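Colleague: Following this message is one structure expressed as structure tokens.
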Amino acid sequence: LRDLLRKQASSSMFAKTDMISPSQYHDLMQEIGLFKRWVVPGQRVLRHLLEDELVQPECKIYLRDVQDNLNQIYDDIIGLEEGTKGLKEEHRQLLDSRMTSTMNGLTIVATAFLVSKRIIDMSFFVIRS
């Protein structure tokens, strides 16, 4: 996951072989969702254990440390999720940009052909007259 995101973020112009397909984005988002589903229940369990009076104070210190680590992991997961969404949007913008430049090129070529056809038609008209 990290390697794919790093590879996508590091290249400013993507070659066709380096692009992440929509299915890969979907897979990344599913994997991030799985991580989130593993962390959230752990946070809830730790919160209940810290509120429980049966847990010894020495143990609560350790549990608070574990809870802090789980909160950091959750924040990292949220960051990965936002980064993946940003990469998907950047990918979409790149594709839109490429399509726009292709359409501009095609418009210029079509215009040139229309003008040349018009000139040829006019010259044949003059020759026939």
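A note on labels: chains of the structure tokens are A, B, ... as shown, every chain counts residues from 1, and ligands are counted from 1 in their shown order.
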If you count only C-alpha atoms, which residues fall within 10 Å of Arg64 in chain A, apart from same-chain ones fewer than 6 positions away, as a list in words?
Modeller: Leu46, Arg47, Leu49, Leu50 and Leu70 of chain A
Colleague: Closest to Arg92 in chain A among A:Asp75, A:Ile108, A:Val40, A:Tyr25, using only C-alpha atoms?
Modeller: A:Tyr25
Colleague: CA of Ile32 in chain A and CA of Leu87 in chain A, how far apart in Å?
Modeller: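 That distance, rounded to one decimal, is 14.3 Å.
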Colleague: What's around Pro22 in chain A at 10 Å? Count only C-alpha atoms, leave out sequence neighbours fewer than 5 positions away in its own chain, and write the answer as a list in words.
Modeller: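 Counting only C-alpha atoms, the residues come to Asp27, Leu28, Lys88, His91 and Arg92 of chain A.
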Colleague: How about saving the chosen residues, C-alpha atoms kept, as a PDB file, in the first residue's frame?
Modeller:
```
ATOM      1  CA  ASP A  27      -8.646  -2.085  -3.546  1.00  0.00           C
ATOM      2  CA  LEU A  28      -6.612   0.542  -1.659  1.00  0.00           C
ATOM      3  CA  LYS A  88      -7.600   9.595  -7.295  1.00  0.00           C
ATOM      4  CA  HIS A  91      -5.412  11.078 -11.553  1.00  0.00           C
ATOM      5  CA  ARG A  92      -8.841  12.168 -12.782  1.00  0.00           C
TER       6      ARG A  92
END
```
Colleague: What is the CA of Ile20 in chain A to CA of Met99 in chain A distance in Å?
Modeller: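 Straight-line distance from CA of Ile20 in chain A to CA of Met99 in chain A works out to 17.5 Å.
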Colleague: State, in Å with one decimal place, the distance from CA of Tyr74 in chain A to CA of Val39 in chain A.
Modeller: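 About the pair CA of Tyr74 in chain A and CA of Val39 in chain A: they are 6.6 Å apart.
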Colleague: Which is closest to Gly42 in chain A among A:Gly83, A:Asn71, A:Ile61, A:Val55, if we use only C-alpha atoms?
Modeller: A:Asn71
Colleague: Going by DSSP on the backbone, which residues of range 5-104 of chain A come out as helix (DSSP H, G or I)? List them as a ChimeraX atom specification.
Modeller: /A:5-10,22-51,57-104
